[in-house]
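Enquirer: Contents of upload.cif (mmCIF, C-alpha atoms) are given next:
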```
data_coords
loop_
_atom_site.label_atom_id
_atom_site.label_comp_id
_atom_site.auth_asym_id
_atom_site.auth_seq_id
_atom_site.Cartn_x
_atom_site.Cartn_y
_atom_site.Cartn_z
CA MET A 22 -104.42 -21.46 15.68
CA PHE A 23 -108.06 -21.34 14.62
CA PHE A 24 -110.47 -22.82 12.08
CA ASP A 25 -108.87 -24.76 9.18
CA ASP A 26 -105.33 -24.03 10.42
CA ALA A 27 -106.21 -25.58 13.78
CA ILE A 28 -107.74 -28.67 12.19
CA LEU A 29 -104.68 -29.17 9.97
CA ALA A 30 -102.11 -28.43 12.71
CA SER A 31 -103.76 -30.74 15.24
CA LYS A 32 -103.58 -33.59 12.73
CA GLU A 33 -99.99 -32.97 11.57
CA LEU A 34 -98.60 -32.24 15.04
CA GLU A 35 -100.77 -34.76 16.86
CA ILE A 36 -102.02 -32.23 19.41
CA ALA A 37 -105.45 -31.75 20.97
CA LEU A 38 -108.14 -29.95 18.96
CA THR A 39 -110.60 -27.94 21.05
CA LYS A 40 -113.39 -25.44 20.36
CA ARG A 41 -114.46 -22.08 21.71
CA ASP A 42 -117.22 -19.56 21.13
CA ALA A 43 -116.40 -17.04 18.43
CA GLY A 44 -119.75 -15.41 17.76
CA PHE A 45 -120.78 -17.91 15.09
CA ALA A 46 -123.49 -20.57 15.08
CA GLN A 47 -120.84 -23.21 15.66
CA LYS A 48 -117.84 -23.06 17.94
CA ALA A 49 -114.47 -22.27 16.31
CA PRO A 50 -111.91 -25.11 16.18
CA MET A 51 -108.66 -24.11 17.90
CA CYS A 52 -105.39 -25.60 19.12
CA GLY A 53 -102.17 -24.28 20.58
CA ILE A 54 -98.64 -25.13 21.59
CA PRO A 55 -96.43 -23.88 24.46
CA TYR A 56 -94.36 -20.88 23.39
CA HIS A 57 -91.11 -22.23 24.84
CA VAL A 58 -91.22 -25.31 22.58
CA ALA A 59 -92.71 -23.60 19.51
CA HIS A 60 -89.47 -24.12 17.53
CA THR A 61 -89.87 -27.90 17.88
CA TYR A 62 -93.36 -27.87 16.39
CA ILE A 63 -92.36 -25.37 13.70
CA SER A 64 -89.56 -27.67 12.57
CA LYS A 65 -92.05 -30.56 12.29
CA LEU A 66 -94.32 -28.50 10.04
CA ILE A 67 -91.40 -27.33 7.90
CA ASN A 68 -90.21 -30.93 7.45
CA LYS A 69 -93.72 -31.83 6.28
CA GLY A 70 -93.54 -29.13 3.59
CA TYR A 71 -95.64 -26.36 5.16
CA LYS A 72 -95.00 -22.65 5.55
CA VAL A 73 -95.44 -21.20 9.04
CA THR A 74 -96.56 -17.62 9.59
CA ILE A 75 -95.52 -15.99 12.87
CA CYS A 76 -97.80 -13.26 14.26
CA ASP A 77 -96.70 -11.19 17.27
CA GLN A 78 -98.10 -8.41 19.39
CA VAL A 79 -96.57 -5.13 18.22
CA GLU A 80 -97.81 -2.81 20.96
CA ASP A 81 -97.84 -2.74 24.74
CA PRO A 82 -101.06 -4.40 26.04
CA LYS A 83 -101.18 -1.80 28.83
CA LEU A 84 -101.40 1.01 26.30
CA ALA A 85 -103.70 -0.72 23.83
CA LYS A 86 -107.28 0.41 23.38
CA GLY A 87 -109.40 -2.64 22.69
CA LEU A 88 -107.65 -5.53 20.96
CA VAL A 89 -103.85 -5.52 21.10
CA LYS A 90 -102.40 -4.81 17.66
CA ARG A 91 -100.80 -7.84 15.97
CA GLN A 92 -99.04 -8.32 12.66
CA VAL A 93 -97.07 -10.88 10.70
CA THR A 94 -93.41 -10.65 11.75
CA LYS A 95 -91.97 -13.62 9.84
CA ILE A 96 -92.93 -16.36 7.40
CA ILE A 97 -90.84 -19.49 7.86
CA THR A 98 -90.54 -21.70 4.78
CA PRO A 99 -88.47 -24.80 3.98
CA GLY A 100 -85.89 -22.64 2.20
CA THR A 101 -85.67 -19.93 4.88
CA PHE A 102 -85.59 -22.15 7.96
CA THR A 103 -82.53 -21.23 10.06
CA ASP A 104 -82.90 -23.03 13.40
CA SER A 105 -79.50 -24.73 13.81
CA GLU A 106 -80.95 -27.15 16.35
CA PHE A 107 -82.98 -28.82 13.62
CA LEU A 108 -80.94 -28.21 10.45
CA LYS A 109 -78.46 -30.92 9.51
CA SER A 110 -75.07 -29.49 10.48
CA ASP A 111 -73.24 -31.12 7.54
CA GLU A 112 -75.71 -29.97 4.87
CA ASN A 113 -76.68 -26.59 3.45
CA ASN A 114 -80.31 -25.51 3.45
CA TYR A 115 -80.68 -23.82 0.06
CA LEU A 116 -83.40 -21.55 -1.26
CA MET A 117 -83.22 -21.44 -5.07
CA ALA A 118 -84.72 -19.14 -7.69
CA VAL A 119 -85.08 -20.31 -11.31
CA TYR A 120 -86.21 -17.93 -14.05
CA LEU A 121 -86.61 -19.25 -17.59
CA LYS A 122 -87.56 -17.24 -20.64
CA LYS A 123 -87.31 -18.77 -24.12
CA TYR A 124 -83.79 -20.27 -24.09
CA ASP A 125 -82.39 -18.10 -21.29
CA MET A 126 -81.73 -19.56 -17.84
CA TYR A 127 -81.19 -17.49 -14.70
CA ILE A 128 -80.37 -19.33 -11.47
CA ALA A 129 -79.58 -17.97 -8.02
CA TYR A 130 -79.49 -19.78 -4.70
CA THR A 131 -78.61 -18.98 -1.12
CA ASP A 132 -78.27 -20.63 2.25
CA PHE A 133 -80.01 -18.02 4.36
CA SER A 134 -78.53 -19.49 7.54
CA THR A 135 -74.98 -18.73 6.35
CA GLY A 136 -75.51 -15.82 3.94
CA GLU A 137 -73.69 -17.40 0.99
CA LEU A 138 -75.25 -16.65 -2.40
CA TYR A 139 -74.41 -18.00 -5.86
CA TYR A 140 -75.77 -17.16 -9.30
CA THR A 141 -75.33 -18.01 -12.96
CA TYR A 142 -76.81 -17.20 -16.35
CA ARG A 143 -76.73 -19.03 -19.65
CA THR A 144 -78.40 -19.05 -23.07
CA PHE A 145 -79.07 -22.37 -24.81
CA LEU A 146 -79.67 -23.32 -28.43
CA ASP A 147 -82.72 -25.47 -27.80
CA GLU A 148 -85.33 -26.23 -25.17
CA GLU A 149 -84.10 -29.76 -24.50
CA SER A 150 -80.61 -28.56 -23.52
CA LEU A 151 -82.14 -25.86 -21.34
CA PHE A 152 -84.38 -28.24 -19.39
CA SER A 153 -81.61 -30.82 -19.04
CA SER A 154 -79.25 -28.24 -17.54
CA VAL A 155 -81.93 -26.93 -15.17
CA ARG A 156 -82.63 -30.43 -13.87
CA ASP A 157 -78.90 -31.17 -13.46
CA GLU A 158 -78.37 -27.95 -11.50
CA ILE A 159 -81.35 -28.55 -9.26
CA TYR A 160 -80.17 -32.06 -8.43
CA ARG A 161 -76.63 -30.80 -7.83
CA ILE A 162 -77.80 -28.08 -5.44
CA MET A 163 -80.72 -30.06 -3.91
CA PRO A 164 -82.59 -26.98 -2.61
CA SER A 165 -85.23 -27.20 0.11
CA GLU A 166 -87.41 -24.75 -1.81
CA ILE A 167 -87.49 -23.43 -5.39
CA LEU A 168 -88.96 -20.14 -6.60
CA VAL A 169 -90.08 -20.31 -10.25
CA ASN A 170 -91.73 -17.93 -12.70
CA GLU A 171 -95.13 -18.78 -14.17
CA ASP A 172 -93.79 -18.99 -17.75
CA ILE A 173 -91.87 -22.14 -16.91
CA ASP A 174 -92.80 -25.11 -19.11
CA LYS A 175 -95.69 -27.19 -17.71
CA THR A 176 -93.75 -30.43 -18.05
CA LEU A 177 -90.77 -29.02 -16.15
CA ASN A 178 -93.05 -27.44 -13.56
CA LYS A 179 -94.74 -30.81 -12.99
CA PHE A 180 -91.33 -32.45 -12.54
CA LEU A 181 -90.34 -29.82 -9.99
CA ALA A 182 -93.65 -29.96 -8.11
CA ASN A 183 -93.41 -33.75 -7.81
CA ASN A 184 -89.91 -33.67 -6.37
CA PHE A 185 -89.40 -30.33 -4.62
CA PHE A 186 -91.21 -27.64 -2.60
CA ILE A 187 -92.23 -25.04 -5.18
CA THR A 188 -93.30 -21.39 -4.81
CA ASN A 189 -94.58 -19.73 -8.00
CA TYR A 190 -93.90 -16.10 -8.87
CA LYS A 191 -96.31 -14.28 -11.18
CA ASN A 192 -94.84 -12.17 -13.99
CA THR A 193 -96.67 -9.11 -12.69
CA ASP A 194 -95.05 -9.58 -9.26
CA ILE A 195 -91.60 -9.87 -10.84
CA VAL A 196 -92.09 -6.72 -12.91
CA ASN A 197 -93.16 -4.78 -9.81
CA ILE A 198 -90.04 -5.65 -7.80
CA ASP A 199 -88.08 -2.45 -7.20
CA ILE A 200 -84.68 -4.08 -6.87
CA GLY A 201 -82.83 -0.77 -6.49
CA LYS A 202 -84.93 0.23 -3.49
CA LEU A 203 -84.82 -3.28 -2.03
CA VAL A 204 -81.02 -3.43 -2.18
CA CYS A 205 -80.56 0.12 -0.88
CA GLU A 206 -82.85 -0.38 2.12
CA ASN A 207 -82.06 -3.97 3.11
CA LEU A 208 -78.45 -4.84 2.27
CA SER A 209 -75.39 -3.67 4.16
CA ASP A 210 -73.03 -1.12 2.62
CA LEU A 211 -70.72 -3.97 1.60
CA GLY A 212 -73.62 -5.93 0.12
CA GLN A 213 -74.77 -2.90 -1.89
CA LYS A 214 -71.24 -2.33 -3.14
CA LYS A 215 -70.84 -5.94 -4.33
CA PHE A 216 -74.30 -5.91 -5.95
CA ASN A 217 -73.58 -2.70 -7.87
CA GLU A 218 -70.03 -3.70 -8.86
CA LYS A 219 -71.37 -6.80 -10.60
CA ASN A 220 -74.32 -4.98 -12.21
CA LEU A 221 -76.84 -7.52 -10.92
CA SER A 222 -79.98 -5.41 -11.25
CA ASP A 223 -80.87 -7.24 -14.49
CA ASN A 224 -80.42 -10.73 -13.05
CA ILE A 225 -84.03 -11.75 -12.54
CA ALA A 226 -83.28 -14.81 -10.39
CA ILE A 227 -81.40 -12.67 -7.86
CA LYS A 228 -84.23 -10.14 -7.96
CA ILE A 229 -86.79 -12.85 -7.12
CA LEU A 230 -84.57 -14.36 -4.42
CA LEU A 231 -83.95 -11.10 -2.55
CA ASP A 232 -87.59 -10.02 -2.85
CA TYR A 233 -88.78 -13.33 -1.39
CA LEU A 234 -86.32 -13.19 1.49
CA PHE A 235 -87.34 -9.67 2.41
CA LYS A 236 -91.07 -10.36 2.19
CA THR A 237 -90.87 -13.53 4.30
CA GLN A 238 -88.18 -12.61 6.85
CA LYS A 239 -89.04 -8.91 7.23
CA ILE A 240 -85.53 -8.06 8.43
CA HIS A 241 -82.43 -6.50 6.91
CA LEU A 242 -80.34 -8.94 4.89
CA ASN A 243 -77.03 -7.63 6.21
CA HIS A 244 -75.29 -11.01 6.22
CA ILE A 245 -75.76 -11.44 2.46
CA ASN A 246 -72.80 -9.32 1.44
CA ASN A 247 -71.23 -11.24 -1.45
CA PHE A 248 -72.58 -12.48 -4.76
CA ASN A 249 -70.61 -15.37 -6.22
CA TYR A 250 -70.87 -16.02 -9.95
CA TYR A 251 -70.19 -19.56 -11.10
CA ASP A 252 -69.87 -21.19 -14.50
CA TYR A 253 -70.77 -24.81 -13.92
CA TYR A 254 -69.09 -25.84 -17.18
CA LYS A 255 -65.76 -25.05 -15.51
CA ASN A 256 -66.43 -28.03 -13.26
CA LEU A 257 -67.41 -31.56 -14.18
CA VAL A 258 -71.16 -31.64 -14.80
CA LEU A 259 -72.71 -34.81 -13.37
CA ASP A 260 -76.36 -35.66 -13.93
CA GLU A 261 -78.43 -37.23 -11.18
CA ASN A 262 -78.17 -40.76 -12.63
CA SER A 263 -74.37 -40.58 -12.66
CA LYS A 264 -74.18 -39.33 -9.07
CA ARG A 265 -76.61 -41.99 -7.94
CA THR A 266 -74.76 -44.81 -9.73
CA LEU A 267 -71.38 -43.64 -8.45
CA GLU A 268 -72.86 -43.26 -4.94
CA LEU A 269 -71.10 -39.93 -4.52
CA LEU A 270 -73.44 -38.42 -1.93
CA ARG A 271 -75.96 -41.17 -1.20
CA GLY A 272 -75.71 -44.93 -1.00
CA LEU A 273 -77.83 -46.89 -3.48
CA ASN A 274 -79.36 -49.03 -0.77
CA THR A 275 -79.68 -46.38 1.93
CA ASN A 276 -80.60 -43.24 -0.07
CA ASN A 277 -78.63 -41.21 2.47
CA LYS A 278 -75.01 -40.47 3.32
CA LYS A 279 -74.37 -43.97 4.66
CA GLY A 280 -72.65 -46.18 2.09
CA SER A 281 -71.56 -43.25 -0.10
CA LEU A 282 -68.18 -41.86 -1.11
CA LEU A 283 -69.01 -38.79 0.98
CA GLU A 284 -69.27 -40.94 4.11
CA ILE A 285 -65.84 -42.45 3.44
CA LEU A 286 -64.13 -39.12 2.77
CA ASP A 287 -65.85 -36.97 5.36
CA LYS A 288 -63.41 -36.94 8.26
CA CYS A 289 -63.91 -33.20 8.71
CA LYS A 290 -63.62 -31.79 12.22
CA THR A 291 -66.10 -28.98 11.59
CA SER A 292 -69.59 -28.79 10.09
CA MET A 293 -68.33 -26.06 7.76
CA GLY A 294 -65.73 -28.45 6.38
CA SER A 295 -68.32 -31.19 5.83
CA ARG A 296 -70.55 -28.81 3.87
CA LEU A 297 -67.60 -27.66 1.74
CA LEU A 298 -66.53 -31.23 1.01
CA LYS A 299 -70.03 -32.05 -0.20
CA LYS A 300 -69.89 -29.09 -2.60
CA TRP A 301 -66.54 -30.30 -3.95
CA LEU A 302 -67.89 -33.79 -4.58
CA SER A 303 -70.98 -32.40 -6.30
CA SER A 304 -68.85 -30.30 -8.68
CA PRO A 305 -65.47 -32.02 -9.26
CA LEU A 306 -62.62 -29.90 -10.61
CA THR A 307 -61.57 -30.15 -14.26
CA ASN A 308 -58.77 -27.56 -14.22
CA ILE A 309 -55.48 -29.45 -13.92
CA ASP A 310 -53.70 -26.59 -12.12
CA ARG A 311 -56.37 -26.39 -9.42
CA ILE A 312 -56.32 -30.17 -9.02
CA GLU A 313 -52.52 -30.18 -8.66
CA ASP A 314 -52.68 -27.33 -6.16
CA ARG A 315 -55.18 -29.23 -4.01
CA LEU A 316 -53.07 -32.41 -4.15
CA ASN A 317 -49.92 -30.46 -3.21
CA HIS A 318 -51.62 -29.21 -0.07
CA ILE A 319 -52.67 -32.75 0.83
CA GLU A 320 -49.11 -33.97 0.33
CA ASP A 321 -47.73 -31.22 2.55
CA PHE A 322 -50.15 -32.07 5.35
CA ASN A 323 -49.22 -35.75 5.12
CA SER A 324 -45.51 -34.95 5.24
CA ASP A 325 -45.84 -32.93 8.45
CA LEU A 326 -48.02 -35.03 10.73
CA LEU A 327 -47.19 -33.06 13.89
CA VAL A 328 -48.56 -29.84 12.46
CA THR A 329 -51.52 -31.72 10.99
CA GLU A 330 -52.45 -33.20 14.38
CA ASP A 331 -52.06 -29.82 16.10
CA ILE A 332 -54.42 -28.27 13.57
CA LYS A 333 -56.92 -31.12 13.95
CA ASP A 334 -56.99 -30.60 17.72
CA ARG A 335 -57.87 -26.95 17.24
CA LEU A 336 -60.43 -27.54 14.48
CA LYS A 337 -62.41 -29.84 16.80
CA ASN A 338 -63.24 -26.85 19.00
CA ILE A 339 -64.10 -24.38 16.24
CA TYR A 340 -67.75 -23.29 16.27
CA ASP A 341 -69.96 -23.22 13.18
CA ILE A 342 -69.79 -19.47 12.78
CA GLU A 343 -71.18 -19.60 9.24
CA ARG A 344 -74.54 -20.48 10.76
CA LEU A 345 -74.20 -17.57 13.19
CA SER A 346 -73.76 -14.96 10.45
CA LEU A 347 -77.47 -14.08 10.47
CA LYS A 348 -77.46 -13.53 14.24
CA ILE A 349 -74.21 -11.57 14.06
CA SER A 350 -75.57 -9.21 11.39
CA ASN A 351 -78.80 -8.61 13.30
CA LYS A 352 -77.13 -8.45 16.73
CA THR A 353 -79.20 -11.24 18.29
CA LEU A 354 -76.38 -13.39 19.68
CA ASN A 355 -76.71 -14.86 23.16
CA PRO A 356 -73.76 -14.84 25.64
CA LYS A 357 -72.84 -18.47 24.93
CA GLU A 358 -72.62 -17.80 21.18
CA ILE A 359 -70.51 -14.68 21.74
CA ASN A 360 -68.06 -16.70 23.80
CA SER A 361 -67.97 -19.41 21.10
CA ILE A 362 -67.10 -16.79 18.48
CA LYS A 363 -64.31 -15.49 20.71
CA GLU A 364 -62.85 -18.99 21.07
CA THR A 365 -63.16 -19.61 17.32
CA ILE A 366 -61.29 -16.40 16.48
CA ASN A 367 -58.46 -17.30 18.86
CA LEU A 368 -58.21 -20.85 17.49
CA SER A 369 -58.20 -19.63 13.88
CA LEU A 370 -55.25 -17.33 14.66
CA GLU A 371 -53.42 -20.25 16.28
CA ILE A 372 -53.99 -22.32 13.12
CA LYS A 373 -52.73 -19.41 11.02
CA LYS A 374 -49.56 -19.31 13.12
CA LEU A 375 -49.00 -23.08 12.79
CA LEU A 376 -49.38 -22.95 9.02
CA GLY A 377 -47.11 -19.92 8.74
CA LYS A 378 -44.15 -21.80 10.23
CA ASN A 379 -43.88 -23.99 7.11
CA ASN A 380 -41.95 -23.17 3.98
CA ASN A 381 -44.24 -25.09 1.62
CA ASN A 382 -47.77 -24.65 0.29
CA LEU A 383 -49.17 -24.59 3.83
CA LYS A 384 -47.62 -21.17 4.36
CA ASN A 385 -49.74 -19.89 1.47
CA LEU A 386 -52.82 -21.17 3.28
CA SER A 387 -51.95 -19.15 6.37
CA VAL A 388 -52.09 -15.94 4.32
CA LYS A 389 -55.74 -16.70 3.45
CA ILE A 390 -56.79 -16.89 7.11
CA GLU A 391 -57.98 -13.45 8.20
CA ASN A 392 -58.49 -12.10 11.68
CA LEU A 393 -62.26 -12.51 12.01
CA ALA A 394 -62.40 -9.97 14.83
CA PHE A 395 -61.91 -7.29 12.17
CA TYR A 396 -65.43 -7.99 10.83
CA LEU A 397 -67.23 -7.84 14.18
#
```
Would you put the structure from the file into structure tokens?
Expert:
Amino acid sequence: MFFDDAILASKELEIALTKRDAGFAQKAPMCGIPYHVAHTYISKLINKGYKVTICDQVEDPKLAKGLVKRQVTKIITPGTFTDSEFLKSDENNYLMAVYLKKYDMYIAYTDFSTGELYYTYRTFLDEESLFSSVRDEIYRIMPSEILVNEDIDKTLNKFLANNFFITNYKNTDIVNIDIGKLVCENLSDLGQKKFNEKNLSDNIAIKILLDYLFKTQKIHLNHINNFNYYDYYKNLVLDENSKRTLELLRGLNTNNKKGSLLEILDKCKTSMGSRLLKKWLSSPLTNIDRIEDRLNHIEDFNSDLLVTEDIKDRLKNIYDIERLSLKISNKTLNPKEINSIKETINLSLEIKKLLGKNNNNLKNLSVKIENLAFYL
């Protein structure tokens, strides 16, 4: 790193700042970090709210004439950070796009490390209801980074900037996004099919989200192959004050998981289960049939403790394959991860078999467990 970047990085990372001749009157400030521990320093910068641009050599030094050609190969941001060594295993790392125009609200968000993507759209009768719903959704999702359009109200923008990492999108940039070309060239065949089936080309939040991911990651987005619409009014809407007072996700005195209802309930054996439980607590069910169905499954597990314990033993050894979806889609798995996927597939089939032996609601669960090897 050189010049202002070097001065800033040396301060934030607490590393030595040096100088070297660069053809100017004064020597150029510079600093560096060992390549093999770069991910550690990158995570520190991300946690401090910075974006990190990665530049790599893109030609063979032996064949280069003069300076070796370099170019930006990735831009790591708080919402696109995917290093599982530094992400909290029981929490999603969401990138969110919010587009507001008059009384229309478009929201889309994704966890790039897992490939899951959700979106919604709603029209409100007045500005106050619009802003209230936007704030409630942001606090429910708790994204690491939010993409917003420049037309967003100054008061709301100030609120977002004071509490979240914000990236602004100009209207001209949004208009120039060729979503058809972007989807055709960067999503898998399944992703393109899902996108076109749901006619999402007019959803501006999704347009912004996909454009940002492509421009920063500079890879195909093959693992984003489903677009999940949600209507948050079908679940209980809780504002931030209610969640804080009820200590659903964070304790009042600790401001983290400790002392919360989530800490008490989270006995999950996998990180995937912990993340799902957190989503359920953030958006409680209101449909009585769905509530009864969930309670029936709990009752069936409690009435057959032998099967429950057998399943628990297997779940303990299941790998967090959601967080491997990006590597799977881009074929960058290492041997250890490939073996972990193999073990996870075998264990999931064993769980399917255990559930299928029952004649109650658990048998219905077994039908929902697919052979993951089919997708590899």
Enquirer: What gap, in Å, lies between atom CA of Ile390 of chain A and atom CA of Thr135 of chain A?
Expert: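 Going from atom CA of Ile390 of chain A over to atom CA of Thr135 of chain A covers 18.3 Å.
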Enquirer: I'd like the interatomic distance between atom CA of Tyr127 of chain A and atom CA of Lys236 of chain A, to a tenth of an Å.
Expert: 20.8 Å
Enquirer: Evaluating the PyMOL selection byres ((chain A and resi 212-229) around 7) on the displayed file yields which residues, as a ChimeraX atom specification?
Expert: /A:118-120,127-129,195,200,204-205,208-211,230-233,245-248
Enquirer: If the PyMOL selection byres ((chain A and resi 77) around 12) were run on this exact file, what residues would it hold? Put them as a ChimeraX atom specification.
Expert: /A:56,74-76,78-82,89-96
Enquirer: Report, in Å to a single decimal, how far apart atom CA of His318 of chain A and atom CA of Asn256 of chain A are.
Expert: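 The value is 19.9 Å.
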Enquirer: Could you list, as a ChimeraX atom specification, every residue matched by the PyMOL selection byres ((chain A and resi 331) around 12) in this structure?
Expert: /A:322,325-330,332-338,368,371-376
Enquirer: Mind writing the picked residues with C-alpha atoms as a PDB file, in the frame of the given file?
Expert:
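result-v6.pdb, freshly written:
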```pdb
ATOM      1  CA  PHE A 322     -50.150 -32.070   5.350  1.00  0.00           C
ATOM      2  CA  ASP A 325     -45.840 -32.930   8.450  1.00  0.00           C
ATOM      3  CA  LEU A 326     -48.020 -35.030  10.730  1.00  0.00           C
ATOM      4  CA  LEU A 327     -47.190 -33.060  13.890  1.00  0.00           C
ATOM      5  CA  VAL A 328     -48.560 -29.840  12.460  1.00  0.00           C
ATOM      6  CA  THR A 329     -51.520 -31.720  10.990  1.00  0.00           C
ATOM      7  CA  GLU A 330     -52.450 -33.200  14.380  1.00  0.00           C
ATOM      8  CA  ILE A 332     -54.420 -28.270  13.570  1.00  0.00           C
ATOM      9  CA  LYS A 333     -56.920 -31.120  13.950  1.00  0.00           C
ATOM     10  CA  ASP A 334     -56.990 -30.600  17.720  1.00  0.00           C
ATOM     11  CA  ARG A 335     -57.870 -26.950  17.240  1.00  0.00           C
ATOM     12  CA  LEU A 336     -60.430 -27.540  14.480  1.00  0.00           C
ATOM     13  CA  LYS A 337     -62.410 -29.840  16.800  1.00  0.00           C
ATOM     14  CA  ASN A 338     -63.240 -26.850  19.000  1.00  0.00           C
ATOM     15  CA  LEU A 368     -58.210 -20.850  17.490  1.00  0.00           C
ATOM     16  CA  GLU A 371     -53.420 -20.250  16.280  1.00  0.00           C
ATOM     17  CA  ILE A 372     -53.990 -22.320  13.120  1.00  0.00           C
ATOM     18  CA  LYS A 373     -52.730 -19.410  11.020  1.00  0.00           C
ATOM     19  CA  LYS A 374     -49.560 -19.310  13.120  1.00  0.00           C
ATOM     20  CA  LEU A 375     -49.000 -23.080  12.790  1.00  0.00           C
ATOM     21  CA  LEU A 376     -49.380 -22.950   9.020  1.00  0.00           C
TER      22      LEU A 376
END
```
Enquirer: Looking at A:Ser281, A:Glu35, A:Asp321, A:Ser361, which one is nearest to Asn385 of chain A, with distances taken over all atoms listed in the file?
Expert: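 Answer, going by the shortest atom-to-atom distance: A:Asp321.
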